[in-house]
Structures are given as structure tokens and as C-alpha cells.
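Asks: The structure under discussion is supplied below as C-alpha cells; questions concerning it will follow.
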Amino acid sequence: MKKFLFIILSICISTPIFAQSKYDHREAFHPFFYPYPGNEYRSASGEPGPGYWQNKANYSIQAAINPDDHSVKGTAAISYINNSPDELRFIWLQLDQNIYKADSRGSATTTTQGGRWANGQFTNGSVIKAVKLEVDGKMIEPTFSVTDTRMQIWLPKPLKNKGGEAVIIIEYQFTIPEYGTDRMGRLKQKDGWVYEVAQWFPRVCVYDDLVGWNTNPYIGAGEFYLEYGDIDFAITAPSNMIVVGSGALTNAEECFTAEQITRWGQAMNSDKTVMIRTADEVNKATSRPGNPFTTWKFKCENTRDVAWAASTAFIMDAARINLPSGKKSMAVSVYTKESASKKDGNDWRRSTEYTKASIEFYSNYLFEYPYPVATNVAGIVGGMEYPGIVFCGAGATEGGLWGVTDHEFGHTWFPMIVGNNERKYAWMDEGFNTFINILSGEAFNKGEYKDVPDVNGMAGYIFNDKMDGMLNQADVIQQPNLGVAAYFKPGLMLYVLRNEVLGKERFDRALKEYVRRWAFKHPTPWDFFHTIENVAGEDLNWFWRSWALNTWKFDVAVKEVAPLKSGGKTGVNITLQLLEKMPMPLTVKVTDVNGDVQMVQLPVEVWQRGDTWTFPVQTKAEVKEVLLDPEMRLPDINNSNNSWKK
């Protein structure tokens with residue numbers, strides 16, 4: 001017994017005493033990662049399965065704006081096609097304008113601090129005038145109910161599966177709020193109000209293979225999950241107003257003067273910005289058609305939404321967008337004199353230049369821009385995206401204007417093309433967009449607004465103990481944490497995955513394939529994870545588990561540097577330890593007393609053995625320094641333990 005105790009004591013004394021580690025290699029590399037296997041709807045490879053389906057919603061909308069009382073009246077005819085394997089007895093729709101009512105859930109859940117999604121004033125929301133349903137060629141008035149921002153319409157008989165169609169006609173009206181939770185609203189300018197109008201018609205909720213009807217209420221931070229379809233809409237407005245909207249304007253000759261049509265033609269063939277309506281022309285009657293009212297007709301195909309803007313005060317310019325296929329689109333900006341007042345011109349007069357560059361970059365990097373026009377509107381909204389049109393702050397200038405323009409148009413790809421569920425997974429559009437904005441900023445005008453993230457410097461902030469995780473819904477994330485959990489952390493995750501784990505070439509191929517596979521479809525986080533792994537050829541469950549599913553941190557330390565005692569060789573045995581739960585591949589810089597440097601690349605698999613790893617490095621002279629992550633490219637929360645010096 002005494003001999004046994006002596007042996008144990010000897011082992012304890014001769015073994016280095018390491019810091020307590022939180023790392024568990026069995027948890028980090030646990031093989032059971034995916035919650036369900038592939039099926040006919042969603043393949044295990046990350047592709048839509050052979051039986052993948054999604055429903056379709058086509059809209060035909062007639063609406064009019066009345067600037068006297070800031071109201072919009074409209075009639076929406078919705079053709080809803082049920083491609084699911086299920087018969088549907090009712091249909092759910094979204095009435096987002098109801099968030100602006102004093103008794104809405106959004107109003108009730110606004111914190112005392114207010115914030116971006118608070119309602120300073122209230123409206124009557126969506127006032128439903130009439131609901132009709134076309135059945136077998138006859139119009140009936142169905143049973144319906146409204147619950148906060150949702151409407152349920154009961155059908156007289158089940159809507160057939162695999163192609164059954166229902167036509168719903170809704171007559172409605174609402175008042176445009178002055179500040180609409182930073183998604184829409186109106187801004188008073190010297191030459192008139194600027195109206196930015198969105199979430200302005202009843203939109204069908206998504207019915208999918210995951211949860212059936214997606215009826216999460218619109219509370220504020222959580223954005224949208226919508227079906228694709230073709231939308232044609234007509235906006236009747238006083239003729240002294242200019243209206244811009246998603247998609248193609250199909251009756252331009254009725255809406256612009258002959259001179260403006262000529263200028264538009266010039267812009268279609270110009271890489272430089274061409275003025276369509278100048279500041280000097282804003283208050284000239286000759287810059288608008290002579291009729292008392294003008295109806296602007298737009299058509300947007302294979303889209304999940306449309307939005308529009310209108311003002312008497314708009315200056316308008318445009319330029320050509322060159323797409324990879326050889327097709328052309330148009331970059332358009334509308335703004336007021338107040339937004340074009342800097343002496344150096346580095347304000348909204350550069351908006352079209354920014355729009356063009358942003359669209360062209362993402363079209364080449366990911367997927368070709370699908371809309372005929374990309375319109376940037378200066379107004380009260382700080383930054384919000386819709387298909388083919390974005391709203392950006394009227395006071396933005398210089399790098400701030402580039403940043404918001406590039407970010408909002410980046411949303412064309414996530415979630416307008418790749419239609420993820422923003423209500424549940426904000427990181428799948430905001431985070432992806434934050435990442436691609438890094439690359440576009442590097443590319444624009446020789447890096448004029450280049451902003452490379454400081455991965456190491458941001459680690460302490462992004463991985464602090466009070467930070468929400470990425471998989472929390474936007475409305476669940478604490479207000480101060482939303483910028484990190486939905487934007488910066490997932491953006492940084494993709495940046496690190498590209499630069500430190502997969503390499504640029506493998507990552508870029510995988511991301512581009514993900515966009516191709518899920519263009520105009522509804523992916524889940526698991527579809528994304530599957531796709532990246534299958535295309536890149538890498539098991540990344542340890543990575544997703546660390547960054548996306550949990551709030552794990554990364555902290556690696558040099559624990560011991562000992563002389564290499566093997567066959568008279570010169571060098572050292574280096575022992576590293578993971579102190580936190582996130583594993584990562586690692587670069588180790590070893591410098592000897594003569595100044596010779598060796599870079600040792602350790603794959604992530606070294607952490608499959610436990611929280612410590614020892615490896616030999618042979619040198620020609622005595623080792624002077626060992627440094628982990630010498631370029632500080634990893635999100636290490638504690639750099640003080642990353643080096644050893646003789």
C-alpha cells in the first residue's frame with residue numbers, strides 16, 4: 001500500500017500543474033450533430049431534396065397615396081397556390097401595419113429605453129374594409145379574424161394540395177406613420193414630404209415542411225419570412241410626386257417627361273451617373289407631367305416582397321449596372337436638396353456610384369442581381385432593405401453612406417434571393433451580409449472604405465459573458481446585444497471560416513453553391529451547414545457547435561516549453577492548453593536566438609485528444625520565443641498567455 005501511494009505522489013509532483021480547463025474534447029467533437037437525417041424535402045448534402053416544395057403567392061395591387069392625410073388606400077388580389085402535400089382549411093396573412101397601433105404586441109413589448117423599433121406615435125394600423133374569396137368562379141365573403149399583426153381566413157372547402165389555388169381580395173387602408181420602427185415612414189423636407197412605404201399590403205405567411213404555418217407576430221426586431229411570387233402593383237399619386245418602387249416601371253412614358261425619358265436612355269448606356277431630374281428642376285412644373293394624378297405601374301417577378309417611395313422633393317439620377325451574363329440593370333438614387341449639400345459633393349450625389357459598385361461586386365461573387373432596377377432612397381429610415389429598393393438615412397455622407405448603401409443592397413442576396421426565415425434566424429441574413437460587406441469594402445475604389453475586422457481585438461466584446469447566442473430569435477436577443485449576436489459575430493464567424501479554417505478558394509466555392517442551391521427557396525441553418533461541409537469537404541460540426549449553437553470562447557495558452565531530449569537533436573517540446581470550450585486550428589511561431597523563424601500549422605484535430613497538446617520543433621539554435629497566433633487572426637479572449645520567452 002505504501003509503495004502504491006509513493007508512486008501516485010511521484011506522478012503528481014513530476015507532472016506540470018496546468019490551469020483548470022473548461023474544454024471537453026468529447027463534447028466539441030461529438031458525432032451526433034445534425035438533428036435529423038436528410039429526407040425527400042431536404043437532402044443530407046444540403047441541397048433541396050427531390051420532393052422539395054414551397055407555396056407561391058402572386059399579388060395584383062391597386063393603391064393610392066393621399067399626402068393630405070398621409071394615407072394609403074388599396075385593394076390587393078392574392079392568388080395563393082398550395083404546392084404542399086397537405087390540404088389547407090385556412091390561410092394566414094401578415095398585417096404588419098398593426099404594429100403601429102397603441103395596443104399592439106410590438107407597442108406593449110417596447111422597453112422603457114425605447115430604441116430603433118419603438119413607436120413614437122400610433123396609427124389605426126391596417127383597416128380592413130372588405131375581404132372576399134373567389135371560389136369556383138363565384139365571390140363569397142369568408143370568415144376571418146385578426147390577431148395583432150396576423151389575419152386568418154377560413155376557406156369554405158379545403159384547398160387542394162399539389163397545385164390547388166385560392167384567390168383572396170382584400171380592400172384596406174392605413175396611415176403612413178412618421179417613424180415606422182425604422183422600416184418605413186415619412187420625412188418632412190423643404191420641398192415636401194418623403195414617403196418610404198413598406199409592409200404596406202396583406203402578405204401571405206409561409207407554410208413550409210418544418211412547422212407548417214409560420215405565424216410569429218411582428219414585434220419589431222424580427223424581420224420577415226415570405227413566399228415568392230410575381231407582384232404587379234400600381235400607385236396613384238398627385239402628378240407633382242415622383243414614385244419609385246421594386247421591379248420594373250412598365251409605363252415610364254406616362255410618368256416622366258420626354259426629356260427625362262431621353263436622360264434615362266443615356267443613363268442606360270453610361271457607367272457614370274446621369275441626372276434624370278436635377279435640383280434646379282425640383283420646383284419647376286415642367287419637370288412633371290401636367291395631369292392632376294399619375295398612376296405608376298410596377299412589376300416585380302419571383303420576389304418575396306415589394307416596397308415604394310414617393311415625394312415632390314426628389315432629385316433623381318441613374319447609371320448602368322453591368323452584370324456577369326452581359327445583361328444590364330439600372331442603379332437609381334432619389335434624394336432631396338438637404339441630402340446633397342456638402343461642398344465636396346461626397347454625399348448622396350455619390351449614391352448611384354455606390355449602388356452600382358455594390359450590385360456589380362455581389363453579382364460576380366455570389367449570384368447575378370435578378371431585378372431590372374436597384375433604387376436607393378434617402379429618407380427617415382436609417383437603413384432597410386426590400387427587393388430592388390432600399391431606404392437609407394437622408395443625412396448619411398461619405399463612408400457612412402457607402403456602408404449603409406452597401407449593406408442594404410447586400411441584403412438582395414440574403415434574404416431576398418436566399419429566402420431564410422428572418423423572424424427566427426436573423427444571423428442568416430444580417431450576419432451573412434455583414435461578412436460580404438467586408439469583401440465589397442475591400443474591392444470598392446481601391447479600398448476607399450476598406451474596413452478589415454480586428455478578429456482578436458473584438459473577441460473580448462463579442463464573447464463576453466452577457467452576450468446572447470446567435471440562434472436566439474431577434475426579438476429574444478437583448479437590445480444592446482443584437483448588433484453582435486445577429487451581425488458582427490456571424491459575420492466574424494464566416495470571416496474566420498474563410499481565412500483560418502477552409503481557405504478562401506474552398507469557402508468561396510461553397511458559399512456560392514449555397515446561394516445557387518437555395519436561390520428563391522427557404523433554407524434552414526442545417527441546410528447551410530450541410531452545404532458548406534459537402535462542398536468544402538470538411539466536417540465542421542465542431543465549428544458550428546462552437547460559434548452558432550453555443551456561446552463558447554477560445555483561449556489557448558503556452559503551458560510549457562522544454563528542451564528536446566532525443567538523439568542529441570536541438571529544439572524544444574512545446575505544450576499548449578485550451579482553457580475554454582472552443583477548439584480552433586492554430587499557427588505557432590518559433591524563433592531561435594539567431595533570429596531564424598519556423599511557422600508550425602496545427603490542425604484542429606490536435607484538440608481531439610484533450611485540452612493539451614505537445615509537439616516537437618527542431619531548431620539549429622536555442623529557442624528564444626514561442627508565440628501563438630502571431631498575426632492575431634483568431635478570437636482569443638486572453639492574449640497574455642500566448643507567448644513564452646527564454
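Residues in the C-alpha cells are numbered from 1 in each chain, the chains being A, B, ... in the order shown, and ligands are numbered from 1 in the order shown.
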Near range 379-392 of chain A, counting only C-alpha atoms, which residues have an atom at most 8 Å away, once you skip same-chain residues fewer than 3 positions from it, shown as a ChimeraX atom specification?

Replies: /A:179,182-187,194-196,245-247,303-308,335,371-376,396,401,404-405,408-409,411-412,416

Asks: For Ala221 in chain A, work out the shell of residues within 10 Å, counting only C-alpha atoms and skipping chain neighbours fewer than 5 positions away, then give it as an mmCIF file with C-alpha atoms, in the first residue's frame.

Replies:
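As written to disk, part_31.cif reads:
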data_model
loop_
_atom_site.group_PDB
_atom_site.id
_atom_site.type_symbol
_atom_site.label_atom_id
_atom_site.label_comp_id
_atom_site.auth_asym_id
_atom_site.auth_seq_id
_atom_site.Cartn_x
_atom_site.Cartn_y
_atom_site.Cartn_z
ATOM 1 C CA GLY A 106 -44.925 45.448 -30.505
ATOM 2 C CA ARG A 116 -34.909 51.640 -33.019
ATOM 3 C CA TRP A 117 -38.211 49.718 -33.048
ATOM 4 C CA ALA A 118 -40.180 51.924 -30.676
ATOM 5 C CA THR A 181 -39.932 51.282 -36.410
ATOM 6 C CA ASP A 182 -37.061 52.260 -38.739
ATOM 7 C CA GLU A 422 -35.570 36.236 -40.621
ATOM 8 C CA ARG A 423 -38.061 36.034 -37.779
ATOM 9 C CA ALA A 426 -31.611 36.903 -38.047
ATOM 10 C CA GLN A 473 -34.615 34.955 -32.258
ATOM 11 C CA ALA A 474 -34.080 38.651 -32.900
ATOM 12 C CA ASP A 475 -36.918 39.618 -30.555
ATOM 13 C CA VAL A 476 -35.408 37.445 -27.799
ATOM 14 C CA ILE A 477 -31.927 38.936 -28.018
ATOM 15 C CA GLN A 479 -31.345 45.151 -27.325
ATOM 16 C CA LEU A 482 -28.434 42.470 -31.246
#

Asks: Can you list every residue in range 303-491 of chain A that DSSP puts in helix (DSSP H, G or I), as a PyMOL selection string?

Replies: chain A and resi 337-339+348-365+398-410+412-417+427-446+455-462+479-491

Asks: Could you pull the residues within 7 Å of range 314-322 of chain A, counting only C-alpha atoms, minus those fewer than 3 positions along the same chain, as a ChimeraX atom specification?

Replies: /A:242,267-279,282,311,326-336,352,356,360

Asks: So that I can see what lies close to Val206 in chain A, please list as a list in words the residues with an atom at most 7 Å from it, counting only C-alpha atoms and leaving out residues fewer than 5 positions away in the same chain.

Replies: Trp213, Asn214, Tyr225, Leu226 and Glu227 of chain A

Asks: So how far away is CA of Arg288 in chain A from CA of Thr262 in chain A, in Å?

Replies: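 We find that CA of Thr262 in chain A and CA of Arg288 in chain A lie 14.2 Å from each other.
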
Asks: With only C-alpha atoms as the atoms that count, which of A:Ile261, A:Ala102, A:Met599, A:Leu627 lies nearest to Gln121 in chain A?

Replies: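 Comparing A:Ile261, A:Ala102, A:Met599, A:Leu627 against Gln121 in chain A, the winner is A:Ala102.
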
Asks: For Lys553 in chain A, work out the shell of residues within 7 Å, counting only C-alpha atoms and skipping chain neighbours fewer than 3 positions away, then give it as a VMD selection string.

Replies: chain A and resid 463 580 to 582

Asks: Write out the residues from the selection above, keeping N, CA and C atoms, as a compact mmCIF listing (two decimals), in the first residue's frame.

Replies:
# COMPACT_ATOMS: atom_id res chain seq x y z
N PHE A 463 -17.44 37.90 -27.26
CA PHE A 463 -17.60 36.69 -26.46
C PHE A 463 -17.73 37.00 -24.96
N GLU A 580 -10.63 27.31 -22.75
CA GLU A 580 -12.07 27.48 -22.97
C GLU A 580 -12.58 26.37 -23.88
N LYS A 581 -13.85 26.42 -24.25
CA LYS A 581 -14.51 25.27 -24.88
C LYS A 581 -14.40 25.23 -26.40
N MET A 582 -13.95 26.31 -27.02
CA MET A 582 -13.87 26.36 -28.48
C MET A 582 -12.52 25.88 -28.98
